Amino acid sequence: MNNPENNQSLSNKPKILVARAIFPEALAKLAESFEVRSNQADQVFTPQELQKELSEVVGALVTGSERIDAGAIAGAKNLKIVANVSVGYNNFDVPAMSAANVMASNTPDVLTDTTADFGFALLMATARRITESEHWIRAGKWDQWSIVNNPLGMDLHHSTLGIIGMGRIGQGIAKRALGFGMKVIYHNRSRLSESDEKACAASYVSKEELLRNADHVVLVLPYTAHSHHTIGAKEIALMKPTATLVNIARGGIVDDLALAQALKAGTIFAAGLDVFEGEPQVNPELLKLSNVVLAPHIASATEKTRRAMVDLAIENLRAALDGKKPPNLINPELFKTLKN
Ligand code: DGY
């Protein structure tokens with residue numbers, strides 16, 4: 001534990017936890033107002049360590065790697081807010097947090113375009129076999145230009161893109177697809193308004209219809225008990241043998257073992273994965289395959305966006321500790337309760 005305020009540990013400033021490494025300037029700014037317990041070593045806390053850390057602070061900045069449930073906050077009597085540096089918040093047990101009067105916040109919007117860019121990049125790398133081609137060159141296998149004996153991919157332009165999960169990021173990907181002349185179909189828990197559908201030129205279809213008709217499928221839906229294994233062997237079997245599948249949503253939305261088996265069997269053409277079941281572990285069956293592009297959960301990882309995410313999480317944390325409503329409060333009913 002690196003505490004930039006070691007010499008001020010008797011200060012009257014409120015104590016906060018920054019559970020993972022953040023940009024030094026952001027940490028220094030926080031230290032002006034708070035006694036900061038920081039973790040610049042960036043080693044993920046064990047559940048016991050996290051519980052102990054949370055028991056000593058009024059607010060915490062965490063990431064998706066920190067599970068905030070009843071156990072984690074048991075004993076955190078003074079904790080008012082846990083601010084996620086992430087738009088997804090499946091690491092939060094929100095009912096447990098609300099029951100303990102702990103506000104929960106996330107970082108929407110600031111990462112939408114960066115993440116949509118990455119979704120498109122991963123889609124292109126997957127369909128056009130970019131990483132596989134690079135490995136091929138590095139392995140010294142490229143000895144001549146060839147019409148047929150070069151890595152041949154699948155076209156994106158004028159193909160049909162299926163997006164499952166049509167929130168802000170899904171819509172961002174759909175808008176990018178317009179530039180490639182793609183036809184966009186989508187499936188979502190609820191249908192978009194007519195004007196939003198028009199803005200992305202996207203048509204609503206059932207999940208099965210989408211899987212059967214899309215040349216490329218991109219997953220951007222939140223992880224919940226309901227979305228667990230949205231894509232498994234049965235769903236992959238509906239897809240075209242020439243199709244690609246890209247997951248930038250969350251591990252657990254795809255049954256990774258079933259996907260590896262399908263990629264090996266040629267049930268679909270290729271996959272691009274930024275997220276994995278049990279990450280940072282990757283199913284060893286996936287690692288054996290050349291028709292899968294792997295990325296270490298970096299869809300939001302540009303310096304500008306990661307800074308914006310940290311800044312927004314801090315804004316949420318400061319608001320809660322100032323008695324104001326955090327701009328991205330996930331459990332707003334709690335704020336009402338606390339105010340009354
Ligand atoms: C997000 O913000 O949800 C990204 O996936 C990082 O966790």
# chains A, B, ... in the order shown; residues from 1 in each chain; ligands from 1
>>> residues_near_ligand(ligand="ligand 1", cutoff="12 Å", atoms="only C-alpha atoms and all ligand atoms", output="JSON, numbers by chain")
{"A": [62, 63, 64, 65, 66, 83, 84, 85, 86, 87, 88, 89, 90, 91, 92, 105, 106, 107, 108, 109, 110, 111, 112, 113, 114, 115, 116, 118, 119, 169, 220, 221, 222, 223, 247, 248, 249, 250, 251, 274, 275, 276, 279, 296, 297, 298, 299, 300, 301, 302, 305, 306, 308, 309, 310, 312, 313]}
>>> residues_around(residues="Thr267 (chain A)", least_positions_apart="6", cutoff="9 Å", atoms="only C-alpha atoms", output="PyMOL selection string")
chain A and resi 236-237+239-243+261
>>> select_by_dssp(residues="region 185-340 of chain A", states="helix (DSSP H, G or I)", output="PyMOL selection string")
chain A and resi 194-200+207-213+233-238+256-265+284-287+303-321+332-339
>>> atom_distance(atom1="CA of Ala270 (chain A)", atom2="CA of Ala125 (chain A)")
10.1 Å
>>> select_by_dssp(residues="region 33-204 of chain A", states="strand (DSSP E or B)", output="number ranges by chain")
A: 35-38, 59-62, 68, 81-84, 92, 103-105, 160-164, 183-187, 202-204
>>> write_last_selection(atoms="N, CA and C atoms", output="compact mmCIF listing (two decimals), in the first residue's frame")
# COMPACT_ATOMS: atom_id res chain seq x y z
N GLU A 35 -7.34 12.13 2.59
CA GLU A 35 -6.26 11.24 2.99
C GLU A 35 -6.42 10.00 2.12
N VAL A 36 -5.48 9.82 1.21
CA VAL A 36 -5.67 8.80 0.17
C VAL A 36 -4.89 7.53 0.50
N ARG A 37 -5.62 6.43 0.54
CA ARG A 37 -4.95 5.12 0.59
C ARG A 37 -4.92 4.63 -0.85
N SER A 38 -3.74 4.60 -1.43
CA SER A 38 -3.66 4.27 -2.85
C SER A 38 -2.92 2.96 -3.06
N GLY A 59 -15.00 6.70 1.04
CA GLY A 59 -15.27 6.56 -0.39
C GLY A 59 -14.18 5.75 -1.04
N ALA A 60 -14.51 5.15 -2.17
CA ALA A 60 -13.50 4.34 -2.86
C ALA A 60 -13.66 4.44 -4.36
N LEU A 61 -12.51 4.44 -5.04
CA LEU A 61 -12.46 4.37 -6.50
C LEU A 61 -12.01 2.95 -6.83
N VAL A 62 -12.80 2.22 -7.61
CA VAL A 62 -12.45 0.84 -7.91
C VAL A 62 -12.59 0.59 -9.41
N ILE A 68 -17.64 -5.69 -5.42
CA ILE A 68 -18.20 -4.98 -4.28
C ILE A 68 -19.55 -5.62 -3.94
N ILE A 81 -19.69 5.99 -0.77
CA ILE A 81 -19.73 5.76 -2.22
C ILE A 81 -18.60 4.85 -2.68
N VAL A 82 -18.94 4.01 -3.65
CA VAL A 82 -17.90 3.30 -4.40
C VAL A 82 -18.08 3.71 -5.86
N ALA A 83 -17.04 4.36 -6.40
CA ALA A 83 -17.10 4.89 -7.77
C ALA A 83 -16.29 3.97 -8.67
N ASN A 84 -16.98 3.36 -9.64
CA ASN A 84 -16.32 2.45 -10.58
C ASN A 84 -15.64 3.25 -11.68
N PHE A 92 -20.49 -4.92 -9.21
CA PHE A 92 -21.24 -4.38 -8.07
C PHE A 92 -22.45 -5.26 -7.78
N MET A 103 -23.54 4.40 -1.98
CA MET A 103 -23.85 4.81 -3.36
C MET A 103 -22.89 4.11 -4.32
N ALA A 104 -23.40 3.87 -5.52
CA ALA A 104 -22.60 3.20 -6.57
C ALA A 104 -22.64 4.10 -7.80
N SER A 105 -21.48 4.28 -8.44
CA SER A 105 -21.49 5.09 -9.68
C SER A 105 -20.58 4.43 -10.72
N THR A 160 -23.64 -7.66 -43.81
CA THR A 160 -24.65 -7.40 -42.78
C THR A 160 -24.02 -7.52 -41.41
N LEU A 161 -24.14 -6.43 -40.64
CA LEU A 161 -23.59 -6.41 -39.29
C LEU A 161 -24.73 -6.61 -38.29
N GLY A 162 -24.57 -7.57 -37.39
CA GLY A 162 -25.57 -7.80 -36.34
C GLY A 162 -25.00 -7.34 -35.01
N ILE A 163 -25.70 -6.45 -34.35
CA ILE A 163 -25.22 -5.94 -33.06
C ILE A 163 -26.17 -6.41 -31.97
N ILE A 164 -25.64 -7.11 -30.99
CA ILE A 164 -26.48 -7.51 -29.85
C ILE A 164 -26.10 -6.62 -28.68
N LYS A 183 -25.22 -3.18 -43.91
CA LYS A 183 -26.61 -3.22 -43.47
C LYS A 183 -26.55 -3.58 -41.97
N VAL A 184 -27.24 -2.81 -41.14
CA VAL A 184 -27.14 -3.07 -39.70
C VAL A 184 -28.45 -3.62 -39.16
N ILE A 185 -28.36 -4.79 -38.51
CA ILE A 185 -29.51 -5.33 -37.78
C ILE A 185 -29.09 -5.42 -36.31
N TYR A 186 -30.07 -5.30 -35.42
CA TYR A 186 -29.68 -5.34 -34.01
C TYR A 186 -30.72 -6.07 -33.19
N HIS A 187 -30.25 -6.55 -32.03
CA HIS A 187 -31.17 -7.09 -31.04
C HIS A 187 -30.82 -6.48 -29.70
N ALA A 202 -30.58 1.21 -38.49
CA ALA A 202 -30.54 -0.16 -37.97
C ALA A 202 -31.95 -0.73 -37.85
N SER A 203 -32.09 -2.03 -38.15
CA SER A 203 -33.40 -2.67 -38.04
C SER A 203 -33.39 -3.66 -36.89
N TYR A 204 -34.48 -3.65 -36.12
CA TYR A 204 -34.62 -4.54 -34.97
C TYR A 204 -35.04 -5.92 -35.44
